[in-house]
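Engineer: Can you keep this structure in mind? I'll have questions shortly.
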Amino acid sequence: MQTPEAYTRPNRLPSLTGMRFIAAFAVLVSHVTGWLVGTMHPGLPYLLTTLGPVGVAFFFVLSGFILTWVADPDDTAGLFWRRRLVKILPNHVTTFAATTAAMFVAGVPIMLVNTVPVLLLIEPWIPNFDALGGLRGINVPSWTLGCEMVFYFAFPWLLRAVERIGPSRLWAWAGGVAVTVIAVPFLALLLPTQPATSWDPTIPQWHSWFAYSFPLTRILEFVLGILMARIVMTGKWIRLSMTPALLLAVVCVVVQSHLPGIFRLCAGPTAFALALVIAAGACADIRGARTPLGGRVMVWLGEISFALYIVHYIVIQYGPIGLVHATGAEVTAPLSTRLVDVLLTVVISLVLAAALYTLVERPAVRRFSRPAGRRESPAAITSVTDRQ
């Protein structure tokens, strides 16, 4: 077992960057599935639609891992928050403006409930599905940014608390958090069962909000990422390679896709499996191993993954698919047409993501991530350029 001092922490972890694209693309696949097979109903192929919740859980765990990995002991909370805001807000404001313009052109109702909470990133605090995506036309994935903002605010204190945990007890804490994640949907069952969500009558709105959208339950996955990073950094990793970790994650995803109701949405054991995948990928990069996820193309795709995540739903609603999600219209196009439209949606989403990253995200990070005249540490720069 290596000691903490035996580890050299590289500033960049290319395999994790490549994983980010896989997660963002999984969310895209989940969202286009409804169009490909027909209108949303309980008979959808749940294995595909489950990829969305899995991708979100991956990003939450990865956030905690990466922010812990690159944390600078000389950093201040103010500078850290500044970098995170500069990373998130330019893309968010740009896509919000684009969505609002598209809603106006398409004749989708523009109201306070489906605009103001989204703009302010407070929609995950509101147990009202109209604010979380029940009303057609809004950029639904932005709710996760509201959760991330809470994670970022709490991170300086969470990190200090986790750093006080002895290395020998980190695995026990990670297991405890993982068990708590599994318990969340059971706690949600105590909430009212009416009304149901508009997209699945088997899932009550209150259950979905508490177990899937509420920042104080989703922060558990973020904490799991912090703990897993500390496990690797303190030399307590169990030397699990990426292949068995990925196989375990695939099994968990398949099992999750067959669970009933709210349990299909929640990370459950999948969150812990994803944390193992992330840690195994980081360890592979530490060793200098070459992985398929760490190649030049995958790293570039990973760099635009945040932009892809935040822009793809706008394309789904207002692009080739033809306002089906935005207006709630019935899917009547033949399967061949749907396949072509899905392919076009993917291509347009990638093009717009590259443009958003190149023209908005990267320039904003370079210009505003630090006060004028202040030199930033390499770790701090890395924490800006990596997607959490």
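Note on naming: chains are A, B, ... as they come in the structure tokens, residues start from 1 per chain, ligands start from 1 in the order shown.
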Quick one: residues within 9 Å of Cys252 in chain A, only C-alpha atoms counted, chain neighbours fewer than 4 positions away excluded, as a list in words?
Structural biologist: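 With the cut-off at 9 Å, the set is Leu247, Leu248, Gln256, Ser257, Gly268, Pro269, Thr270, Ala271 and Ala273 of chain A.
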Engineer: Excluding Trp173 in chain A and its own-chain neighbours fewer than 2 positions away, which residues fall within 10 Å of it when counting only C-alpha atoms? Please give them as JSON, numbers by chain.
Structural biologist: {"A": [162, 165, 168, 169, 170, 171, 175, 176, 177, 178, 179, 223, 224, 227, 228]}
Engineer: Using only C-alpha atoms, determine which residues lie at most 6 Å from range 340-342 of chain A, disregarding the query and same-chain residues fewer than 3 positions distant; provide the list as a compact mmCIF listing (two decimals) with C-alpha atoms, in the first residue's frame.
Structural biologist:
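Wrote result_30.txt, looks like this:
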# COMPACT_ATOMS: atom_id res chain seq x y z
CA PRO A 320 -35.23 18.58 -36.30
CA ILE A 321 -37.41 16.60 -33.91
CA THR A 337 -37.72 9.71 -40.19
CA THR A 345 -30.10 16.31 -33.44
Engineer: For a quick check of understanding, using only C-alpha atoms, which of A:Ala97, A:Ile219, A:Ala172, A:Val108 has the smallest distance to Phe59 in chain A?
Structural biologist: A:Ile219
Engineer: I'd like the neighbourhood of Tyr313 in chain A as a PyMOL selection string, where a residue qualifies if any of its atoms comes within 12 Å (using only C-alpha atoms), though same-chain residues fewer than 3 positions away should be ignored.
Structural biologist: chain A and resi 24-25+27-32+52+95-96+98-99+133+136-142+307-310+316-321+323-326+345-346+348-350+352-353
Engineer: Keeping only N, CA and C atoms, take the residues you just selected and write them out as a tab-separated table (two decimals), in the first residue's frame.
Structural biologist:
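File part-v5.tsv, as written:
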chain	number	residue	atom	x	y	z
A	24	ALA	N	-22.26	12.82	-20.62
A	24	ALA	CA	-23.11	13.82	-21.28
A	24	ALA	C	-23.87	13.21	-22.44
A	25	PHE	N	-23.20	12.36	-23.21
A	25	PHE	CA	-23.86	11.72	-24.34
A	25	PHE	C	-24.94	10.75	-23.86
A	27	VAL	N	-26.85	11.20	-21.30
A	27	VAL	CA	-28.01	12.04	-21.00
A	27	VAL	C	-28.74	12.40	-22.29
A	28	LEU	N	-27.99	12.74	-23.34
A	28	LEU	CA	-28.60	13.05	-24.64
A	28	LEU	C	-29.40	11.85	-25.15
A	29	VAL	N	-28.80	10.66	-25.09
A	29	VAL	CA	-29.49	9.45	-25.56
A	29	VAL	C	-30.78	9.24	-24.79
A	30	SER	N	-30.72	9.45	-23.48
A	30	SER	CA	-31.91	9.29	-22.66
A	30	SER	C	-33.02	10.23	-23.09
A	31	HIS	N	-32.66	11.45	-23.44
A	31	HIS	CA	-33.68	12.44	-23.79
A	31	HIS	C	-34.25	12.24	-25.19
A	32	VAL	N	-33.49	11.68	-26.11
A	32	VAL	CA	-34.03	11.46	-27.46
A	32	VAL	C	-34.79	10.15	-27.56
A	52	GLY	N	-29.95	8.70	-18.50
A	52	GLY	CA	-29.98	10.11	-18.09
A	52	GLY	C	-29.68	10.27	-16.62
A	95	THR	N	-27.58	29.93	-22.84
A	95	THR	CA	-28.60	28.94	-23.23
A	95	THR	C	-29.98	29.35	-22.71
A	96	PHE	N	-30.04	30.04	-21.58
A	96	PHE	CA	-31.34	30.53	-21.10
A	96	PHE	C	-31.92	31.54	-22.08
A	98	ALA	N	-31.22	31.80	-25.26
A	98	ALA	CA	-31.58	31.08	-26.49
A	98	ALA	C	-32.90	30.34	-26.31
A	99	THR	N	-33.09	29.70	-25.14
A	99	THR	CA	-34.33	28.97	-24.89
A	99	THR	C	-35.53	29.91	-24.85
A	133	GLY	N	-39.61	21.35	-15.08
A	133	GLY	CA	-39.68	20.79	-16.43
A	133	GLY	C	-41.05	20.28	-16.82
A	136	ARG	N	-43.74	22.69	-20.79
A	136	ARG	CA	-42.93	22.44	-21.98
A	136	ARG	C	-42.09	23.66	-22.34
A	137	GLY	N	-40.96	23.39	-22.97
A	137	GLY	CA	-40.19	24.45	-23.60
A	137	GLY	C	-38.95	24.90	-22.90
A	138	ILE	N	-38.82	24.69	-21.56
A	138	ILE	CA	-37.65	25.21	-20.86
A	138	ILE	C	-36.48	24.24	-21.00
A	139	ASN	N	-35.30	24.73	-20.69
A	139	ASN	CA	-34.08	23.92	-20.80
A	139	ASN	C	-33.94	23.08	-19.52
A	140	VAL	N	-34.58	21.94	-19.49
A	140	VAL	CA	-34.71	21.13	-18.28
A	140	VAL	C	-33.37	20.81	-17.60
A	141	PRO	N	-32.30	20.45	-18.32
A	141	PRO	CA	-31.06	20.07	-17.63
A	141	PRO	C	-30.47	21.13	-16.71
A	142	SER	N	-30.93	22.37	-16.81
A	142	SER	CA	-30.34	23.43	-15.98
A	142	SER	C	-30.60	23.21	-14.50
A	307	ALA	N	-20.85	22.00	-22.28
A	307	ALA	CA	-21.63	22.72	-23.29
A	307	ALA	C	-22.63	21.78	-23.96
A	308	LEU	N	-22.23	20.55	-24.25
A	308	LEU	CA	-23.15	19.58	-24.85
A	308	LEU	C	-24.30	19.29	-23.91
A	309	TYR	N	-23.99	19.12	-22.65
A	309	TYR	CA	-25.02	18.81	-21.66
A	309	TYR	C	-26.06	19.92	-21.57
A	310	ILE	N	-25.61	21.16	-21.61
A	310	ILE	CA	-26.52	22.27	-21.37
A	310	ILE	C	-27.23	22.73	-22.64
A	316	ILE	N	-33.17	19.32	-28.99
A	316	ILE	CA	-34.22	18.30	-29.01
A	316	ILE	C	-35.59	18.95	-29.11
A	317	GLN	N	-35.78	20.03	-28.39
A	317	GLN	CA	-37.11	20.67	-28.36
A	317	GLN	C	-37.40	21.50	-29.60
A	318	TYR	N	-36.40	22.18	-30.13
A	318	TYR	CA	-36.66	23.17	-31.19
A	318	TYR	C	-35.93	22.86	-32.49
A	319	GLY	N	-35.26	21.70	-32.56
A	319	GLY	CA	-34.53	21.35	-33.77
A	319	GLY	C	-35.29	20.40	-34.67
A	320	PRO	N	-34.60	19.47	-35.31
A	320	PRO	CA	-35.23	18.58	-36.30
A	320	PRO	C	-36.38	17.75	-35.76
A	321	ILE	N	-36.34	17.42	-34.47
A	321	ILE	CA	-37.41	16.60	-33.91
A	321	ILE	C	-38.76	17.31	-34.01
A	323	LEU	N	-40.44	20.25	-32.17
A	323	LEU	CA	-41.28	20.78	-31.10
A	323	LEU	C	-42.12	19.73	-30.39
A	324	VAL	N	-41.77	18.45	-30.54
A	324	VAL	CA	-42.55	17.42	-29.86
A	324	VAL	C	-42.45	17.59	-28.35
A	325	HIS	N	-41.24	17.78	-27.86
A	325	HIS	CA	-41.08	17.97	-26.42
A	325	HIS	C	-41.59	19.33	-25.99
A	326	ALA	N	-41.40	20.34	-26.82
A	326	ALA	CA	-41.79	21.70	-26.43
A	326	ALA	C	-43.30	21.89	-26.39
A	345	THR	N	-30.10	15.69	-34.76
A	345	THR	CA	-30.10	16.31	-33.44
A	345	THR	C	-28.75	16.13	-32.76
A	346	VAL	N	-28.17	14.95	-32.86
A	346	VAL	CA	-26.86	14.70	-32.26
A	346	VAL	C	-25.79	15.56	-32.92
A	348	ILE	N	-26.14	18.42	-34.66
A	348	ILE	CA	-26.34	19.85	-34.35
A	348	ILE	C	-25.94	20.14	-32.91
A	349	SER	N	-26.27	19.23	-32.00
A	349	SER	CA	-25.90	19.43	-30.59
A	349	SER	C	-24.39	19.50	-30.42
A	350	LEU	N	-23.66	18.62	-31.11
A	350	LEU	CA	-22.20	18.63	-31.02
A	350	LEU	C	-21.62	19.92	-31.60
A	352	LEU	N	-23.13	22.89	-31.91
A	352	LEU	CA	-23.45	24.01	-31.02
A	352	LEU	C	-22.63	23.94	-29.73
A	353	ALA	N	-22.39	22.73	-29.24
A	353	ALA	CA	-21.58	22.58	-28.03
A	353	ALA	C	-20.15	23.07	-28.27
Engineer: To test your reading of the structure, identify every residue in range 125-369 of chain A that backbone DSSP assigns to alpha helix (DSSP H), and report it as number ranges by chain.
Structural biologist: A: 129, 143-163, 170-188, 205-208, 215-233, 242-257, 262-265, 269-287, 296-303, 305-318, 324-327, 335-356, 362-368
Engineer: Expressed in Å to a single decimal, how great is the separation between CA of Leu190 in chain A and CA of Pro124 in chain A?
Structural biologist: 19.2 Å
Engineer: From the set A:Trp125, A:Trp300, A:Trp237, A:Phe80, which residue has the shortest atom-to-atom contact distance to Tyr212 in chain A, counting only C-alpha atoms?
Structural biologist: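 Among the listed residues, the smallest separation from Tyr212 in chain A belongs to A:Trp125.
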Engineer: Write out as an NGL selection string which residues come within 8 Å of Pro53 in chain A when counting only C-alpha atoms, dropping same-chain ones fewer than 6 positions away.
Structural biologist: :A and (27 or 265-267)
Engineer: Hey, can you spit out that residue selection with all heavy atoms as an mmCIF file, in the first residue's frame?
Structural biologist:
data_model
loop_
_atom_site.group_PDB
_atom_site.id
_atom_site.type_symbol
_atom_site.label_atom_id
_atom_site.label_comp_id
_atom_site.auth_asym_id
_atom_site.auth_seq_id
_atom_site.Cartn_x
_atom_site.Cartn_y
_atom_site.Cartn_z
ATOM 1 N N VAL A 27 -26.846 11.204 -21.300
ATOM 2 C CA VAL A 27 -28.010 12.040 -21.004
ATOM 3 C C VAL A 27 -28.738 12.401 -22.295
ATOM 4 O O VAL A 27 -29.975 12.364 -22.363
ATOM 5 C CB VAL A 27 -27.583 13.313 -20.245
ATOM 6 C CG1 VAL A 27 -28.777 14.234 -20.023
ATOM 7 C CG2 VAL A 27 -26.950 12.932 -18.903
ATOM 8 N N LEU A 265 -35.029 6.079 -10.952
ATOM 9 C CA LEU A 265 -34.408 7.387 -11.149
ATOM 10 C C LEU A 265 -33.183 7.580 -10.266
ATOM 11 O O LEU A 265 -32.252 8.295 -10.649
ATOM 12 C CB LEU A 265 -35.417 8.498 -10.834
ATOM 13 C CG LEU A 265 -36.475 8.848 -11.877
ATOM 14 C CD1 LEU A 265 -37.344 9.972 -11.348
ATOM 15 C CD2 LEU A 265 -35.826 9.247 -13.182
ATOM 16 N N CYS A 266 -33.197 6.992 -9.089
ATOM 17 C CA CYS A 266 -32.171 7.292 -8.098
ATOM 18 C C CYS A 266 -30.899 6.484 -8.344
ATOM 19 O O CYS A 266 -30.947 5.372 -8.860
ATOM 20 C CB CYS A 266 -32.709 7.017 -6.703
ATOM 21 S SG CYS A 266 -34.085 8.100 -6.284
ATOM 22 N N ALA A 267 -29.790 7.073 -7.937
ATOM 23 C CA ALA A 267 -28.500 6.451 -8.206
ATOM 24 C C ALA A 267 -28.347 5.113 -7.512
ATOM 25 O O ALA A 267 -27.868 4.140 -8.088
ATOM 26 C CB ALA A 267 -27.382 7.396 -7.792
#
Engineer: Just checking: using only C-alpha atoms, which residue out of A:Phe222, A:Trp143, A:Phe104, A:Trp209 ends up closest to Ala196 in chain A?
Structural biologist: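 Counting only C-alpha atoms, the residue closest to Ala196 in chain A is A:Trp209.
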Engineer: Would you mind telling me which residue in A:Pro215, A:Gly302, A:Pro244, A:Pro201 lies nearest to Ile262 in chain A when using only C-alpha atoms?
Structural biologist: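 With only C-alpha atoms as the atom set, the closest residue is A:Pro201.
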Engineer: Expressed in Å to a single decimal, how great is the separation between CA of Thr180 in chain A and CA of Phe306 in chain A?
Structural biologist: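 Straight-line distance from CA of Thr180 in chain A to CA of Phe306 in chain A works out to 27.7 Å.
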Engineer: Would you pick out the contacts of range 359-363 of chain A at 10 Å or less, using only C-alpha atoms, so that residues sharing its chain but fewer than 5 positions from it are not included, and give the list as a PyMOL selection string?
Structural biologist: chain A and resi 86-92+94+303-304+306-307+353-354+368-369+384-385
Engineer: The selected residues should be written to file as a PDB file, in the first residue's frame (atoms: N, CA, C and O atoms).
Structural biologist:
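Final output, saved to part32.pdb:
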ATOM      1  N   VAL A  86     -17.787  31.549 -12.841  1.00  0.00           N
ATOM      2  CA  VAL A  86     -17.338  31.869 -14.196  1.00  0.00           C
ATOM      3  C   VAL A  86     -17.439  30.648 -15.105  1.00  0.00           C
ATOM      4  O   VAL A  86     -17.697  30.780 -16.305  1.00  0.00           O
ATOM      5  N   LYS A  87     -17.261  29.484 -14.545  1.00  0.00           N
ATOM      6  CA  LYS A  87     -17.373  28.252 -15.334  1.00  0.00           C
ATOM      7  C   LYS A  87     -18.822  27.974 -15.727  1.00  0.00           C
ATOM      8  O   LYS A  87     -19.108  27.557 -16.853  1.00  0.00           O
ATOM      9  N   ILE A  88     -19.754  28.190 -14.802  1.00  0.00           N
ATOM     10  CA  ILE A  88     -21.138  27.775 -14.998  1.00  0.00           C
ATOM     11  C   ILE A  88     -22.005  28.855 -15.657  1.00  0.00           C
ATOM     12  O   ILE A  88     -22.764  28.581 -16.598  1.00  0.00           O
ATOM     13  N   LEU A  89     -21.930  30.075 -15.164  1.00  0.00           N
ATOM     14  CA  LEU A  89     -22.933  31.083 -15.518  1.00  0.00           C
ATOM     15  C   LEU A  89     -22.915  31.537 -16.983  1.00  0.00           C
ATOM     16  O   LEU A  89     -23.993  31.731 -17.564  1.00  0.00           O
ATOM     17  N   PRO A  90     -21.763  31.745 -17.626  1.00  0.00           N
ATOM     18  CA  PRO A  90     -21.827  32.190 -19.026  1.00  0.00           C
ATOM     19  C   PRO A  90     -22.600  31.231 -19.926  1.00  0.00           C
ATOM     20  O   PRO A  90     -23.461  31.659 -20.719  1.00  0.00           O
ATOM     21  N   ASN A  91     -22.329  29.941 -19.826  1.00  0.00           N
ATOM     22  CA  ASN A  91     -23.084  28.964 -20.620  1.00  0.00           C
ATOM     23  C   ASN A  91     -24.553  28.960 -20.234  1.00  0.00           C
ATOM     24  O   ASN A  91     -25.446  28.853 -21.085  1.00  0.00           O
ATOM     25  N   HIS A  92     -24.823  29.054 -18.937  1.00  0.00           N
ATOM     26  CA  HIS A  92     -26.213  29.031 -18.475  1.00  0.00           C
ATOM     27  C   HIS A  92     -27.001  30.228 -18.991  1.00  0.00           C
ATOM     28  O   HIS A  92     -28.123  30.078 -19.509  1.00  0.00           O
ATOM     29  N   THR A  94     -26.337  32.147 -21.538  1.00  0.00           N
ATOM     30  CA  THR A  94     -26.451  32.077 -23.000  1.00  0.00           C
ATOM     31  C   THR A  94     -27.554  31.118 -23.425  1.00  0.00           C
ATOM     32  O   THR A  94     -28.389  31.447 -24.275  1.00  0.00           O
ATOM     33  N   GLU A 303     -13.935  18.012 -23.054  1.00  0.00           N
ATOM     34  CA  GLU A 303     -13.851  19.449 -22.780  1.00  0.00           C
ATOM     35  C   GLU A 303     -15.124  20.189 -23.182  1.00  0.00           C
ATOM     36  O   GLU A 303     -15.486  21.192 -22.561  1.00  0.00           O
ATOM     37  N   ILE A 304     -15.810  19.701 -24.215  1.00  0.00           N
ATOM     38  CA  ILE A 304     -17.047  20.367 -24.635  1.00  0.00           C
ATOM     39  C   ILE A 304     -18.277  19.706 -24.004  1.00  0.00           C
ATOM     40  O   ILE A 304     -19.414  20.056 -24.344  1.00  0.00           O
ATOM     41  N   PHE A 306     -19.668  19.836 -20.989  1.00  0.00           N
ATOM     42  CA  PHE A 306     -20.592  20.710 -20.258  1.00  0.00           C
ATOM     43  C   PHE A 306     -21.467  21.476 -21.233  1.00  0.00           C
ATOM     44  O   PHE A 306     -22.687  21.580 -21.062  1.00  0.00           O
ATOM     45  N   ALA A 307     -20.852  22.003 -22.280  1.00  0.00           N
ATOM     46  CA  ALA A 307     -21.627  22.717 -23.294  1.00  0.00           C
ATOM     47  C   ALA A 307     -22.632  21.781 -23.963  1.00  0.00           C
ATOM     48  O   ALA A 307     -23.781  22.160 -24.218  1.00  0.00           O
ATOM     49  N   ALA A 353     -22.391  22.729 -29.236  1.00  0.00           N
ATOM     50  CA  ALA A 353     -21.576  22.580 -28.034  1.00  0.00           C
ATOM     51  C   ALA A 353     -20.154  23.074 -28.271  1.00  0.00           C
ATOM     52  O   ALA A 353     -19.571  23.774 -27.433  1.00  0.00           O
ATOM     53  N   ALA A 354     -19.579  22.708 -29.417  1.00  0.00           N
ATOM     54  CA  ALA A 354     -18.235  23.177 -29.749  1.00  0.00           C
ATOM     55  C   ALA A 354     -18.200  24.696 -29.849  1.00  0.00           C
ATOM     56  O   ALA A 354     -17.254  25.347 -29.377  1.00  0.00           O
ATOM     57  N   PHE A 368     -12.143  35.897 -16.797  1.00  0.00           N
ATOM     58  CA  PHE A 368     -12.738  36.317 -15.527  1.00  0.00           C
ATOM     59  C   PHE A 368     -12.498  35.354 -14.367  1.00  0.00           C
ATOM     60  O   PHE A 368     -12.983  35.607 -13.270  1.00  0.00           O
ATOM     61  N   SER A 369     -11.765  34.270 -14.567  1.00  0.00           N
ATOM     62  CA  SER A 369     -11.636  33.289 -13.497  1.00  0.00           C
ATOM     63  C   SER A 369     -10.761  33.763 -12.347  1.00  0.00           C
ATOM     64  O   SER A 369     -10.801  33.184 -11.259  1.00  0.00           O
ATOM     65  N   VAL A 384     -10.734  24.950 -13.086  1.00  0.00           N
ATOM     66  CA  VAL A 384     -11.620  25.725 -13.947  1.00  0.00           C
ATOM     67  C   VAL A 384     -11.862  25.017 -15.256  1.00  0.00           C
ATOM     68  O   VAL A 384     -12.983  24.958 -15.765  1.00  0.00           O
ATOM     69  N   THR A 385     -10.825  24.448 -15.832  1.00  0.00           N
ATOM     70  CA  THR A 385     -10.971  23.883 -17.165  1.00  0.00           C
ATOM     71  C   THR A 385     -11.642  22.519 -17.159  1.00  0.00           C
ATOM     72  O   THR A 385     -12.143  22.082 -18.176  1.00  0.00           O
TER      73      THR A 385
END
Engineer: At most 8 Å is the cut-off: for each residue in range 132-246 of chain A with any atom that close to an atom of range 275-280 of chain A, write down the nearest atom pair and the distance in Å rounded to one decimal, counting only C-alpha atoms, chain first then increasing number, as CSV.
Structural biologist:
residue,atom,partner,partner_atom,distance
A:Leu224,CA,A:Ala275,CA,7.2
A:Gly225,CA,A:Ala275,CA,6.3
A:Met228,CA,A:Ala279,CA,6.6
A:Ala229,CA,A:Ala279,CA,6.9
A:Val232,CA,A:Ala279,CA,6.8
A:Arg239,CA,A:Ala280,CA,7.5
A:Leu240,CA,A:Ala280,CA,6.2
A:Ser241,CA,A:Ala280,CA,5.5
A:Met242,CA,A:Ala280,CA,5.1
A:Ala245,CA,A:Val277,CA,5.1
A:Leu246,CA,A:Val277,CA,5.9
Engineer: Quick one: write out the picked residues with N, CA and C atoms as a short mmCIF file (atom, residue, chain, number, x, y, z; two decimals), in the first residue's frame?
Structural biologist:
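Here's the written file selection-v8.cif:
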data_model
loop_
_atom_site.label_atom_id
_atom_site.label_comp_id
_atom_site.auth_asym_id
_atom_site.auth_seq_id
_atom_site.Cartn_x
_atom_site.Cartn_y
_atom_site.Cartn_z
N LEU A 224 -19.66 11.69 -1.76
CA LEU A 224 -19.05 10.41 -2.11
C LEU A 224 -17.84 10.62 -3.02
N GLY A 225 -17.92 11.57 -3.94
CA GLY A 225 -16.79 11.88 -4.80
C GLY A 225 -15.62 12.45 -4.01
N MET A 228 -13.98 9.55 -2.19
CA MET A 228 -13.22 8.66 -3.08
C MET A 228 -11.91 9.31 -3.50
N ALA A 229 -11.92 10.62 -3.71
CA ALA A 229 -10.67 11.31 -4.04
C ALA A 229 -9.68 11.21 -2.88
N VAL A 232 -8.01 7.81 -2.77
CA VAL A 232 -6.91 7.68 -3.73
C VAL A 232 -5.71 8.49 -3.27
N ARG A 239 -6.74 -0.80 -5.58
CA ARG A 239 -6.10 -1.21 -6.84
C ARG A 239 -7.07 -1.93 -7.78
N LEU A 240 -8.31 -1.55 -7.72
CA LEU A 240 -9.30 -2.06 -8.67
C LEU A 240 -9.06 -1.39 -10.02
N SER A 241 -8.93 -2.17 -11.09
CA SER A 241 -8.67 -1.59 -12.41
C SER A 241 -9.98 -1.12 -13.05
N MET A 242 -9.86 -0.41 -14.16
CA MET A 242 -11.02 0.18 -14.80
C MET A 242 -11.98 -0.87 -15.34
N ALA A 245 -14.28 -2.36 -12.72
CA ALA A 245 -15.11 -1.27 -12.20
C ALA A 245 -16.20 -0.90 -13.21
N LEU A 246 -15.84 -0.84 -14.50
CA LEU A 246 -16.84 -0.55 -15.54
C LEU A 246 -17.88 -1.65 -15.63
#
Engineer: Measuring between only C-alpha atoms, which one of A:Val253, A:Val118, A:Val315, A:Ala71 shows the shortest distance to Leu48 in chain A?
Structural biologist: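 Nearest to Leu48 in chain A: A:Val253.
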Engineer: Go through A:Leu51, A:Met19, A:Leu343, A:Leu62 and flag the residue nearest Val250 in chain A, using only C-alpha atoms for the distances.
Structural biologist: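 Nearest candidate to Val250 in chain A out of A:Leu51, A:Met19, A:Leu343, A:Leu62: A:Leu51.
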